[in-house]
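First the structure, in the form of structure tokens, and then the observations on it.
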Amino acid sequence: MLTRIDHIGIACFDLDKTVEFYRATYGFEVFHSEVNEEQGVREAMLKINDTSDGGASYLQLLEPTREDSTVAKWLAKNGEGVHHIAFGTADVDGDAEEIKGKGVRVLYEEPRVGSMGSRITFLHPKDCHGVLTELVTSAPVESPEH
């Protein structure tokens with residue numbers, strides 16, 4: 001089912017300052033960045049390492065682009081910090097359906113497009129001991145985008 005920790009999502013007020021902190025403190029570089037209009041965020045993916053299943057593990061830094069976005073509302077309530085954890089899977093559709101069958105609410109009827117062309121869905125935090133959990137099927141990534 002789940003093969004790795006795909007990424008940890010970190011909500012921040014200022015993406016550029018947060019990227020600079022992770023670069024200066026840990027030496028992490030931006031592997032990919034994009035604006036996701038649907039989710040109302042600007043994001044940077046910082047690659048931590050490759051994984052044995054051919055994927056990778058990342059930190060995903062998220063800055064809201066509008067006040068009505070989920071991340072903006074979360075920041076207003078909680079401040080900066082860990083927003084969610086994402087697990088990699090080869091089959092987001094099948095695994096989401098299996099987890100749903102165990103009584104966990106899946107937030108999207110159909111998986112959506114996520115970072116770097118991935119397919120994603122989320123599990124309700126109230127069903128996951130307070131942790132917003134994302135399931136990710138990565139798209140093939142051949143080279144970094146900056």
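Numbering starts fresh at 1 for the residues of each chain in the structure tokens, the chains themselves are lettered A, B, ... in the order given, and ligands are numbered from 1 as they appear.
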
Write out as a PyMOL selection string the residues lying within 6 Å of A:Ala11, counting only C-alpha atoms and excluding same-chain residues fewer than 3 positions away.
chain A and resi 62+80-81+83

Name the residues in contact with A:Glu63 at a cut-off of 8 Å, using only C-alpha atoms, excluding same-chain residues fewer than 6 positions from it; report them as a PDB file with N, CA, C and O atoms, in the first residue's frame.
ATOM      1  N   ALA A  11       3.293  24.959   6.400  1.00  0.00           N
ATOM      2  CA  ALA A  11       2.651  26.223   6.067  1.00  0.00           C
ATOM      3  C   ALA A  11       3.517  27.374   6.552  1.00  0.00           C
ATOM      4  O   ALA A  11       4.066  27.324   7.661  1.00  0.00           O
ATOM      5  N   CYS A  12       3.647  28.410   5.719  1.00  0.00           N
ATOM      6  CA  CYS A  12       4.480  29.558   6.083  1.00  0.00           C
ATOM      7  C   CYS A  12       3.854  30.851   5.568  1.00  0.00           C
ATOM      8  O   CYS A  12       3.070  30.842   4.621  1.00  0.00           O
ATOM      9  N   PHE A  13       4.210  31.949   6.210  1.00  0.00           N
ATOM     10  CA  PHE A  13       3.716  33.260   5.792  1.00  0.00           C
ATOM     11  C   PHE A  13       4.511  33.828   4.627  1.00  0.00           C
ATOM     12  O   PHE A  13       3.966  34.557   3.803  1.00  0.00           O
ATOM     13  N   ASP A  14       5.802  33.525   4.561  1.00  0.00           N
ATOM     14  CA  ASP A  14       6.688  34.091   3.543  1.00  0.00           C
ATOM     15  C   ASP A  14       7.538  32.970   2.960  1.00  0.00           C
ATOM     16  O   ASP A  14       8.512  32.531   3.582  1.00  0.00           O
ATOM     17  N   LEU A  15       7.172  32.516   1.781  1.00  0.00           N
ATOM     18  CA  LEU A  15       7.848  31.379   1.161  1.00  0.00           C
ATOM     19  C   LEU A  15       9.335  31.646   0.946  1.00  0.00           C
ATOM     20  O   LEU A  15      10.171  30.790   1.252  1.00  0.00           O
ATOM     21  N   VAL A  41      -2.196  28.339  -3.283  1.00  0.00           N
ATOM     22  CA  VAL A  41      -0.884  28.338  -2.636  1.00  0.00           C
ATOM     23  C   VAL A  41       0.232  28.519  -3.661  1.00  0.00           C
ATOM     24  O   VAL A  41       0.117  28.139  -4.812  1.00  0.00           O
ATOM     25  N   ARG A  42       1.312  29.083  -3.159  1.00  0.00           N
ATOM     26  CA  ARG A  42       2.597  29.095  -3.856  1.00  0.00           C
ATOM     27  C   ARG A  42       3.462  28.139  -3.056  1.00  0.00           C
ATOM     28  O   ARG A  42       3.466  28.177  -1.817  1.00  0.00           O
ATOM     29  N   GLU A  43       4.173  27.258  -3.743  1.00  0.00           N
ATOM     30  CA  GLU A  43       4.898  26.223  -3.015  1.00  0.00           C
ATOM     31  C   GLU A  43       6.301  26.008  -3.559  1.00  0.00           C
ATOM     32  O   GLU A  43       6.591  26.318  -4.709  1.00  0.00           O
ATOM     33  N   VAL A  71      -4.890  26.787   3.362  1.00  0.00           N
ATOM     34  CA  VAL A  71      -3.630  27.040   4.063  1.00  0.00           C
ATOM     35  C   VAL A  71      -3.681  28.396   4.779  1.00  0.00           C
ATOM     36  O   VAL A  71      -3.193  28.515   5.910  1.00  0.00           O
ATOM     37  N   ALA A  72      -4.283  29.412   4.177  1.00  0.00           N
ATOM     38  CA  ALA A  72      -4.403  30.723   4.838  1.00  0.00           C
ATOM     39  C   ALA A  72      -5.240  30.610   6.102  1.00  0.00           C
ATOM     40  O   ALA A  72      -4.876  31.171   7.152  1.00  0.00           O
TER      41      ALA A  72
END

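The residue that comes closest to A:Phe28, out of A:Asp16, A:Leu59, A:Gly9, A:Leu2 and on the basis of only C-alpha atoms, is A:Leu59.
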
Counting only C-alpha atoms, what is within 12 Å of A:Thr133, bar same-chain residues fewer than 4 positions away, as a list in words?
Ile5, Asp6, His7, Ile8, Gly9, Val82, His83, His84, Ile85, Ala86, Phe87, Gly88, Ala96, Ile99, Val104, Arg105, Val106, Leu107, Ile120, Thr121, Phe122, Leu123, His124, Pro125, Lys126, Asp127, Cys128 and His129 of chain A

Give me the residues near A:Val30 as a PDB file with all heavy atoms, in the first residue's frame, where near means some atom within 8 Å (using only C-alpha atoms) and where sequence neighbours in that chain fewer than 4 positions away do not count.
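Listed below is the output, result_29.pdb:
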ATOM      1  N   VAL A  19      12.233  29.372   2.537  1.00  0.00           N
ATOM      2  CA  VAL A  19      13.181  28.659   1.683  1.00  0.00           C
ATOM      3  C   VAL A  19      14.603  29.016   2.086  1.00  0.00           C
ATOM      4  O   VAL A  19      15.467  28.138   2.225  1.00  0.00           O
ATOM      5  CB  VAL A  19      12.946  28.969   0.187  1.00  0.00           C
ATOM      6  CG1 VAL A  19      14.144  28.558  -0.660  1.00  0.00           C
ATOM      7  CG2 VAL A  19      11.682  28.285  -0.312  1.00  0.00           C
ATOM      8  N   ALA A  44       7.132  25.459  -2.698  1.00  0.00           N
ATOM      9  CA  ALA A  44       8.475  25.025  -3.069  1.00  0.00           C
ATOM     10  C   ALA A  44       8.681  23.634  -2.506  1.00  0.00           C
ATOM     11  O   ALA A  44       8.383  23.385  -1.338  1.00  0.00           O
ATOM     12  CB  ALA A  44       9.526  25.983  -2.522  1.00  0.00           C
ATOM     13  N   MET A  45       9.184  22.732  -3.349  1.00  0.00           N
ATOM     14  CA  MET A  45       9.510  21.379  -2.918  1.00  0.00           C
ATOM     15  C   MET A  45      11.026  21.308  -2.738  1.00  0.00           C
ATOM     16  O   MET A  45      11.779  21.568  -3.682  1.00  0.00           O
ATOM     17  CB  MET A  45       9.063  20.352  -3.956  1.00  0.00           C
ATOM     18  CG  MET A  45       7.557  20.307  -4.156  1.00  0.00           C
ATOM     19  SD  MET A  45       6.635  19.701  -2.740  1.00  0.00           S
ATOM     20  CE  MET A  45       6.704  17.953  -3.010  1.00  0.00           C
ATOM     21  N   LEU A  46      11.459  20.971  -1.523  1.00  0.00           N
ATOM     22  CA  LEU A  46      12.871  20.825  -1.211  1.00  0.00           C
ATOM     23  C   LEU A  46      13.156  19.334  -1.092  1.00  0.00           C
ATOM     24  O   LEU A  46      12.621  18.664  -0.204  1.00  0.00           O
ATOM     25  CB  LEU A  46      13.217  21.534   0.101  1.00  0.00           C
ATOM     26  CG  LEU A  46      12.741  22.985   0.234  1.00  0.00           C
ATOM     27  CD1 LEU A  46      13.126  23.537   1.603  1.00  0.00           C
ATOM     28  CD2 LEU A  46      13.309  23.848  -0.867  1.00  0.00           C
ATOM     29  N   LYS A  47      13.982  18.813  -1.991  1.00  0.00           N
ATOM     30  CA  LYS A  47      14.249  17.374  -2.005  1.00  0.00           C
ATOM     31  C   LYS A  47      15.209  17.014  -0.880  1.00  0.00           C
ATOM     32  O   LYS A  47      16.265  17.618  -0.724  1.00  0.00           O
ATOM     33  CB  LYS A  47      14.850  16.955  -3.344  1.00  0.00           C
ATOM     34  CG  LYS A  47      15.008  15.456  -3.497  1.00  0.00           C
ATOM     35  CD  LYS A  47      15.479  15.131  -4.902  1.00  0.00           C
ATOM     36  CE  LYS A  47      15.616  13.645  -5.108  1.00  0.00           C
ATOM     37  NZ  LYS A  47      16.065  13.357  -6.490  1.00  0.00           N
ATOM     38  N   HIS A 146      13.003  24.612 -11.715  1.00  0.00           N
ATOM     39  CA  HIS A 146      13.238  25.689 -10.744  1.00  0.00           C
ATOM     40  C   HIS A 146      12.391  26.876 -11.070  1.00  0.00           C
ATOM     41  O   HIS A 146      12.023  27.188 -12.094  1.00  0.00           O
ATOM     42  CB  HIS A 146      14.706  26.095 -10.710  1.00  0.00           C
ATOM     43  CG  HIS A 146      15.572  24.969 -10.191  1.00  0.00           C
ATOM     44  ND1 HIS A 146      15.699  24.687  -8.864  1.00  0.00           N
ATOM     45  CD2 HIS A 146      16.326  24.045 -10.830  1.00  0.00           C
ATOM     46  CE1 HIS A 146      16.504  23.658  -8.707  1.00  0.00           C
ATOM     47  NE2 HIS A 146      16.897  23.253  -9.888  1.00  0.00           N
TER      48      HIS A 146
END

Residues near A:Thr89, anyone? I mean within 12 Å using only C-alpha atoms, not counting same-chain ones fewer than 6 positions away, as a PyMOL selection string.
chain A and resi 1-6+53-56+95-96+118-121+134-139

Atoms kept (N, CA and C atoms) for selection, written as a CSV table (one decimal), in the first residue's frame:
chain,number,residue,atom,x,y,z
A,1,MET,N,0.8,-1.2,0.0
A,1,MET,CA,0.0,0.0,0.0
A,1,MET,C,0.9,1.3,0.0
A,2,LEU,N,1.2,1.8,1.1
A,2,LEU,CA,2.0,3.0,1.2
A,2,LEU,C,3.5,2.7,1.2
A,3,THR,N,4.3,3.4,0.4
A,3,THR,CA,5.7,3.0,0.2
A,3,THR,C,6.7,3.9,0.8
A,4,ARG,N,6.3,5.1,1.2
A,4,ARG,CA,7.3,6.1,1.8
A,4,ARG,C,6.6,7.3,2.3
A,5,ILE,N,7.4,8.1,3.0
A,5,ILE,CA,6.9,9.4,3.3
A,5,ILE,C,7.3,10.3,2.1
A,6,ASP,N,6.3,10.7,1.4
A,6,ASP,CA,6.5,11.5,0.2
A,6,ASP,C,7.0,12.9,0.5
A,53,ASP,N,11.9,3.0,-3.7
A,53,ASP,CA,10.9,2.7,-4.7
A,53,ASP,C,11.0,3.6,-5.9
A,54,GLY,N,12.0,4.3,-6.0
A,54,GLY,CA,12.2,5.2,-7.2
A,54,GLY,C,11.6,6.6,-7.0
A,55,GLY,N,11.0,6.9,-5.9
A,55,GLY,CA,10.5,8.2,-5.6
A,55,GLY,C,11.5,9.0,-4.8
A,56,ALA,N,11.0,10.0,-4.1
A,56,ALA,CA,11.9,10.8,-3.2
A,56,ALA,C,11.1,11.3,-2.0
A,95,ASP,N,-5.8,2.8,-3.0
A,95,ASP,CA,-5.5,2.9,-1.6
A,95,ASP,C,-6.5,3.8,-0.9
A,96,ALA,N,-6.9,4.8,-1.5
A,96,ALA,CA,-7.9,5.7,-0.9
A,96,ALA,C,-9.2,5.0,-0.7
A,118,SER,N,1.5,15.2,-9.8
A,118,SER,CA,1.1,14.0,-9.0
A,118,SER,C,-0.4,13.9,-9.0
A,119,ARG,N,-0.9,12.8,-8.5
A,119,ARG,CA,-2.3,12.6,-8.2
A,119,ARG,C,-2.4,12.5,-6.7
A,120,ILE,N,-3.3,13.2,-6.1
A,120,ILE,CA,-3.4,13.3,-4.6
A,120,ILE,C,-4.9,13.2,-4.1
A,121,THR,N,-5.0,12.9,-2.9
A,121,THR,CA,-6.2,13.0,-2.1
A,121,THR,C,-5.8,13.2,-0.7
A,134,GLU,N,-2.1,13.1,3.5
A,134,GLU,CA,-2.3,13.1,2.0
A,134,GLU,C,-1.7,11.8,1.4
A,135,LEU,N,-2.4,11.3,0.4
A,135,LEU,CA,-1.9,10.2,-0.3
A,135,LEU,C,-1.5,10.7,-1.7
A,136,VAL,N,-0.3,10.3,-2.2
A,136,VAL,CA,0.3,10.8,-3.4
A,136,VAL,C,0.8,9.7,-4.3
A,137,THR,N,0.4,9.7,-5.6
A,137,THR,CA,1.0,8.9,-6.6
A,137,THR,C,1.8,9.9,-7.5
A,138,SER,N,3.1,9.8,-7.4
A,138,SER,CA,4.0,10.7,-8.1
A,138,SER,C,3.9,10.5,-9.6
A,139,ALA,N,4.0,11.6,-10.3
A,139,ALA,CA,4.3,11.6,-11.8
A,139,ALA,C,5.8,11.3,-12.0

Between A:Phe31, A:Arg112, A:Gly117, A:Val92, which residue has the minimum interatomic distance to A:Tyr58, considering only C-alpha atoms?
A:Phe31

Would you list, as an MDAnalysis selection string, the residues of chain A that end up in strand (DSSP E or B) under DSSP run on this structure's backbone?
chainID A and resid 2:11 30:36 41:50 56:64 81:89 106 112:113 119:123 133:137

I need the residues of stretch 29-93 of chain A that end up classed as alpha helix (DSSP H) by DSSP on the backbone, written out as a PyMOL selection string.
chain A and resi 70-78+92-93

Can I get the selection written as a PDB file, in the first residue's frame, with C-alpha atoms?
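Generated file (again_33.pdb):
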ATOM      1  CA  THR A  70      -7.277  26.290   3.245  1.00  0.00           C
ATOM      2  CA  VAL A  71      -3.630  27.040   4.063  1.00  0.00           C
ATOM      3  CA  ALA A  72      -4.403  30.723   4.838  1.00  0.00           C
ATOM      4  CA  LYS A  73      -7.190  29.697   7.210  1.00  0.00           C
ATOM      5  CA  TRP A  74      -4.909  27.121   8.836  1.00  0.00           C
ATOM      6  CA  LEU A  75      -2.130  29.715   9.294  1.00  0.00           C
ATOM      7  CA  ALA A  76      -4.578  32.203  10.843  1.00  0.00           C
ATOM      8  CA  LYS A  77      -5.623  29.582  13.387  1.00  0.00           C
ATOM      9  CA  ASN A  78      -2.316  27.780  14.048  1.00  0.00           C
ATOM     10  CA  VAL A  92      -3.800   6.590  -4.894  1.00  0.00           C
ATOM     11  CA  ASP A  93      -7.249   5.588  -6.178  1.00  0.00           C
TER      12      ASP A  93
END
